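Data from entry-v8.cif: mmCIF, C-alpha atoms and all ligand atoms
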```cif
data_structure
#
loop_
_atom_site.label_atom_id
_atom_site.label_comp_id
_atom_site.auth_asym_id
_atom_site.auth_seq_id
_atom_site.Cartn_x
_atom_site.Cartn_y
_atom_site.Cartn_z
CA MET A 1 -58.01 34.12 -46.18
CA ALA A 2 -59.54 32.12 -43.31
CA THR A 3 -57.53 29.54 -41.38
CA ASN A 4 -58.41 26.07 -42.59
CA ARG A 5 -57.14 22.52 -42.81
CA THR A 6 -55.52 20.05 -45.16
CA PHE A 7 -54.61 16.40 -44.84
CA THR A 8 -51.25 14.80 -45.63
CA MET A 9 -49.53 11.44 -45.58
CA ILE A 10 -45.78 10.88 -45.56
CA LYS A 11 -45.74 7.90 -47.92
CA PRO A 12 -43.97 4.54 -47.35
CA ASP A 13 -40.89 5.48 -49.40
CA ALA A 14 -40.14 8.58 -47.33
CA VAL A 15 -40.81 6.78 -44.03
CA LYS A 16 -38.51 3.92 -45.06
CA ASN A 17 -35.81 6.36 -46.18
CA GLY A 18 -35.78 8.14 -42.81
CA HIS A 19 -37.32 11.45 -43.87
CA ILE A 20 -40.19 11.77 -41.33
CA GLY A 21 -38.39 14.33 -39.17
CA ASN A 22 -37.14 16.49 -42.03
CA ILE A 23 -40.52 16.53 -43.78
CA LEU A 24 -42.40 17.43 -40.58
CA ALA A 25 -39.85 20.22 -40.02
CA MET A 26 -40.47 21.60 -43.53
CA ILE A 27 -44.22 21.50 -42.85
CA THR A 28 -44.04 23.32 -39.51
CA ASN A 29 -41.42 25.79 -40.83
CA ALA A 30 -43.93 26.64 -43.57
CA GLY A 31 -46.35 27.78 -40.88
CA TYR A 32 -48.56 24.72 -40.44
CA GLN A 33 -49.90 23.72 -37.05
CA ILE A 34 -50.13 19.92 -36.63
CA VAL A 35 -53.64 19.23 -35.30
CA SER A 36 -53.57 15.40 -35.71
CA LEU A 37 -50.60 13.04 -36.20
CA LYS A 38 -49.93 9.29 -36.29
CA LEU A 39 -47.71 6.52 -37.65
CA THR A 40 -49.97 3.88 -39.17
CA GLN A 41 -50.22 1.46 -42.10
CA LEU A 42 -52.94 1.17 -44.75
CA SER A 43 -54.32 -2.28 -45.58
CA VAL A 44 -54.87 -3.03 -49.28
CA LYS A 45 -58.59 -2.30 -48.73
CA ASP A 46 -57.81 1.00 -46.95
CA ALA A 47 -55.59 2.11 -49.85
CA GLU A 48 -58.25 1.10 -52.41
CA ASN A 49 -60.85 3.13 -50.51
CA PHE A 50 -58.60 6.15 -49.95
CA TYR A 51 -57.64 6.36 -53.64
CA ALA A 52 -61.02 5.16 -55.02
CA ILE A 53 -61.14 8.23 -57.27
CA HIS A 54 -58.23 6.71 -59.24
CA ALA A 55 -59.79 3.20 -59.50
CA GLU A 56 -60.00 3.32 -63.31
CA ARG A 57 -56.46 4.65 -63.83
CA SER A 58 -53.75 2.39 -65.23
CA PHE A 59 -51.52 2.98 -62.19
CA PHE A 60 -54.19 2.11 -59.57
CA GLY A 61 -52.86 -1.38 -58.75
CA GLU A 62 -49.32 -0.10 -58.40
CA LEU A 63 -50.51 2.82 -56.25
CA VAL A 64 -52.50 0.58 -53.88
CA GLU A 65 -49.64 -1.89 -53.57
CA PHE A 66 -47.16 0.89 -52.80
CA MET A 67 -49.36 2.78 -50.35
CA SER A 68 -50.04 -0.39 -48.34
CA SER A 69 -46.42 -1.59 -48.46
CA GLY A 70 -45.24 -0.08 -45.18
CA PRO A 71 -45.89 2.47 -42.47
CA ILE A 72 -47.06 5.98 -43.31
CA VAL A 73 -47.44 9.15 -41.27
CA ALA A 74 -50.95 10.64 -41.43
CA ALA A 75 -51.55 14.24 -40.34
CA ILE A 76 -54.13 17.00 -40.37
CA LEU A 77 -52.56 20.44 -40.77
CA GLU A 78 -53.92 23.92 -40.16
CA LYS A 79 -52.93 27.25 -41.68
CA GLU A 80 -54.36 30.05 -43.76
CA ASN A 81 -55.07 28.80 -47.30
CA ALA A 82 -53.97 25.32 -46.15
CA VAL A 83 -54.85 23.19 -49.20
CA ASP A 84 -53.38 25.34 -51.96
CA ASP A 85 -50.27 26.38 -50.04
CA PHE A 86 -49.57 22.75 -49.18
CA ARG A 87 -49.76 21.69 -52.84
CA THR A 88 -47.16 24.39 -53.53
CA LEU A 89 -44.97 23.19 -50.64
CA ILE A 90 -44.97 19.55 -51.85
CA GLY A 91 -44.42 20.34 -55.54
CA ALA A 92 -45.50 18.59 -58.74
CA THR A 93 -46.66 14.95 -58.66
CA ASN A 94 -43.61 13.94 -60.72
CA PRO A 95 -40.50 14.86 -58.70
CA ASN A 96 -38.60 15.53 -61.95
CA GLU A 97 -41.02 18.41 -62.52
CA ALA A 98 -41.15 19.60 -58.90
CA ALA A 99 -39.69 23.04 -58.14
CA ASP A 100 -36.46 23.40 -56.15
CA GLY A 101 -37.03 23.49 -52.41
CA THR A 102 -40.28 21.50 -52.54
CA ILE A 103 -40.72 18.37 -50.44
CA ARG A 104 -41.06 16.10 -53.49
CA LYS A 105 -38.01 17.61 -55.15
CA MET A 106 -35.99 16.89 -52.01
CA TYR A 107 -37.38 13.56 -50.87
CA ALA A 108 -39.41 11.79 -53.61
CA THR A 109 -38.00 8.73 -55.36
CA SER A 110 -40.16 8.60 -58.52
CA LEU A 111 -43.58 9.51 -59.95
CA GLY A 112 -45.18 6.57 -58.16
CA GLU A 113 -43.14 6.84 -54.96
CA ASN A 114 -43.36 10.57 -54.39
CA ALA A 115 -42.88 10.98 -50.63
CA VAL A 116 -46.05 12.86 -49.67
CA HIS A 117 -49.75 13.21 -50.31
CA GLY A 118 -51.66 16.48 -50.13
CA SER A 119 -55.45 16.94 -50.34
CA ASP A 120 -56.65 18.66 -53.52
CA SER A 121 -59.69 20.51 -52.06
CA ASP A 122 -61.22 21.60 -48.75
CA ALA A 123 -63.94 18.97 -49.19
CA ASN A 124 -61.42 16.17 -49.75
CA ALA A 125 -59.27 17.41 -46.86
CA ALA A 126 -62.25 16.92 -44.54
CA ILE A 127 -63.07 13.46 -45.98
CA GLU A 128 -59.44 12.30 -45.84
CA GLY A 129 -58.89 13.62 -42.31
CA ALA A 130 -62.01 11.81 -41.13
CA PHE A 131 -60.77 8.62 -42.84
CA HIS A 132 -57.76 8.55 -40.48
CA PHE A 133 -58.74 10.37 -37.30
CA ALA A 134 -61.58 10.24 -34.80
CA ILE A 135 -63.09 13.59 -33.82
CA ARG A 136 -61.35 13.36 -30.42
CA GLU A 137 -57.97 13.13 -32.23
CA GLN A 138 -58.53 16.39 -34.15
CA PHE A 139 -57.22 19.19 -31.96
P1 LIG B 1 -51.50 12.75 -54.10
O1 LIG B 1 -52.99 12.59 -54.34
O2 LIG B 1 -50.84 11.50 -53.58
O3 LIG B 1 -51.21 13.95 -53.26
O4 LIG B 1 -50.79 13.05 -55.50
P2 LIG B 1 -51.23 14.08 -56.63
O5 LIG B 1 -52.53 14.73 -56.27
O6 LIG B 1 -50.07 14.95 -56.91
O7 LIG B 1 -51.43 13.10 -57.85
P3 LIG B 1 -52.73 12.25 -58.24
O8 LIG B 1 -53.02 12.52 -59.66
O9 LIG B 1 -53.81 12.44 -57.24
O10 LIG B 1 -52.18 10.76 -58.15
C1 LIG B 1 -52.14 10.07 -56.93
C2 LIG B 1 -50.83 9.35 -56.81
O11 LIG B 1 -50.79 8.27 -57.75
C3 LIG B 1 -49.44 8.04 -58.13
N1 LIG B 1 -49.32 8.15 -59.57
N2 LIG B 1 -48.68 7.27 -60.27
N3 LIG B 1 -47.46 5.84 -62.40
C4 LIG B 1 -48.19 6.93 -62.68
O12 LIG B 1 -48.39 7.31 -63.81
C5 LIG B 1 -48.77 7.67 -61.54
N4 LIG B 1 -49.47 8.78 -61.63
C6 LIG B 1 -49.82 9.09 -60.35
C7 LIG B 1 -48.58 9.07 -57.45
O13 LIG B 1 -48.07 8.50 -56.24
C8 LIG B 1 -49.58 10.16 -57.12
O14 LIG B 1 -49.14 10.95 -56.06
MG MG B 2 -54.22 13.66 -55.59
#
```
If you took the structure in this file and wrote it as structure tokens, what would it be?
Ligand code: RTP
Ligand code: MG
Amino acid sequence: MATNRTFTMIKPDAVKNGHIGNILAMITNAGYQIVSLKLTQLSVKDAENFYAIHAERSFFGELVEFMSSGPIVAAILEKENAVDDFRTLIGATNPNEAADGTIRKMYATSLGENAVHGSDSDANAAIEGAFHFAIREQF
């Protein structure tokens, strides 16, 4: 499997609850190289654009409000099989269904406030990384 990239955000709940360091440690301990990293905050418009795919879903308003509610950590990560392995590392969307030892099981608050984002495909990883980072910030 070729080395490739995924994109993640540590969401406002996990930043607020002091979990940045522990989550980054879990990510690097799982073999990911951090190739881009920043603390930033999404505007309402940014969050609407980032999650545009969910615009018709009932939870969209709640999701946009939450994701723009405070600082997040954005990162591009590199490893073999990056996208799929990262989805395994973070666990199910609903932390009640997330496997033991996953980031969401350990640090998520609820279905809506679930600590981390992970790209769902190589194509979306590239789009989402470019949303947050200039080429010169991708190492
Ligand atoms: P993400 O995109 O953030 O990595 O999460 P995911 O793939 O596991 O889940 P997705 O279906 O893409 O949903 C995006 C985010 O929307 C929130 N959500 N709320 N209240 C609800 O029913 C509900 N369902 C989803 C979650 O924060 C989810 O991560
Ligand atoms: Mg998703």
Please, which residues have at least one atom within 8 Å of an atom of ligand MG 2 (chain B), using only C-alpha atoms and all ligand atoms, listed as a ChimeraX atom specification? /A:117-120
Using 10 Å as the limit and counting all atoms listed in the file, can you tabulate each residue of chain A that touches ligand LIG 1 (chain B), with its shortest atom-to-atom distance in Å and the two atoms involved, as a tab-separated table?
```
residue	atom	partner	partner_atom	distance
A:Phe7	CA	B:LIG1	O3	9.4
A:Thr8	CA	B:LIG1	O3	7.7
A:Met9	CA	B:LIG1	O2	8.1
A:Ile10	CA	B:LIG1	O2	9.5
A:Lys11	CA	B:LIG1	O2	8.4
A:Phe50	CA	B:LIG1	O1	9.6
A:Tyr51	CA	B:LIG1	C1	7.4
A:Ile53	CA	B:LIG1	O9	8.5
A:His54	CA	B:LIG1	C1	7.3
A:Arg57	CA	B:LIG1	N4	8.4
A:Ser58	CA	B:LIG1	O12	7.4
A:Phe59	CA	B:LIG1	N3	5.0
A:Phe60	CA	B:LIG1	O11	7.3
A:Gly61	CA	B:LIG1	N2	9.7
A:Glu62	CA	B:LIG1	N3	7.4
A:Leu63	CA	B:LIG1	C3	5.7
A:Val64	CA	B:LIG1	O11	8.8
A:Phe66	CA	B:LIG1	O13	8.4
A:Met67	CA	B:LIG1	O13	8.3
A:Phe86	CA	B:LIG1	O3	9.8
A:Arg87	CA	B:LIG1	O6	7.9
A:Ile90	CA	B:LIG1	O3	8.5
A:Gly91	CA	B:LIG1	O6	7.9
A:Ala92	CA	B:LIG1	O6	6.1
A:Thr93	CA	B:LIG1	O6	3.8
A:Asn94	CA	B:LIG1	O6	7.6
A:Pro95	CA	B:LIG1	O6	9.7
A:Arg104	CA	B:LIG1	O6	9.7
A:Ala108	CA	B:LIG1	O13	9.6
A:Ser110	CA	B:LIG1	O13	8.2
A:Leu111	CA	B:LIG1	N2	5.6
A:Gly112	CA	B:LIG1	O13	4.0
A:Glu113	CA	B:LIG1	O13	5.4
A:Asn114	CA	B:LIG1	O13	5.5
A:Ala115	CA	B:LIG1	O13	8.0
A:Val116	CA	B:LIG1	O2	6.3
A:His117	CA	B:LIG1	O3	3.4
A:Gly118	CA	B:LIG1	O3	4.0
A:Ser119	CA	B:LIG1	O3	6.0
A:Asp120	CA	B:LIG1	O5	6.3
```
Between A:Gln41, A:Gly31, A:Tyr107, A:Asn49, which residue has the minimum interatomic distance to Ile72 of chain A, considering only C-alpha atoms?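 Among A:Gln41, A:Gly31, A:Tyr107, A:Asn49, it is A:Gln41 that comes nearest to Ile72 of chain A.
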Who sits within 6 Å of Pro12 of chain A, only C-alpha atoms, same chain under 3 positions skipped, as a list of chain:residue names: A:Val15, A:Lys16, A:Gly70, A:Pro71, A:Ile72
Residue among A:Asn4, A:Ser68, A:Asn22, A:Thr28 lying closest to Val44 of chain A, counting only C-alpha atoms: A:Ser68
Go through A:Thr109, A:Ser36, A:Asn17, A:Asn81 and flag the residue nearest Ala130 of chain A, using all atoms listed in the file for the distances. A:Ser36
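With all atoms listed in the file as the basis for measurement, A:Val73 is the residue among A:Lys45, A:Glu80, A:Asn96, A:Val73 that approaches Leu24 of chain A most closely.
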Could you state the separation of atom CA of Gln33 of chain A and atom CA of Glu48 of chain A in Å, given to one decimal place? 28.6 Å
Using atom CA of Ala74 of chain A and atom CA of Met106 of chain A as the two end points, give the distance in Å to one decimal.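 Going from atom CA of Ala74 of chain A over to atom CA of Met106 of chain A, I get 19.4 Å.
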Could you check how far atom CA of Gly101 of chain A sits from atom CA of Glu78 of chain A, in Å to one decimal? 20.9 Å
Pick from A:Asp13, A:Thr40, A:His19, A:Ile76, whichever lies nearest to Ala125 of chain A using only C-alpha atoms: A:Ile76
Let me make sure I understand: among A:Ala14, A:Ile135, A:Ile127, A:Ala30, which one has the smallest atom-to-atom distance to Lys79 of chain A if we use all atoms listed in the file?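 Ranked by minimum distance to Lys79 of chain A, first place goes to A:Ala30.
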Please return the centre and edge lengths, in Å to one decimal, of a box with edges along x, y and z that contains all listed atoms of segment 53-56 of chain A, widened by 5 Å on every side, as JSON.
```
{"center_x": -59.7, "center_y": 5.7, "center_z": -60.3, "size_x": 12.9, "size_y": 15.0, "size_z": 16.0}
```
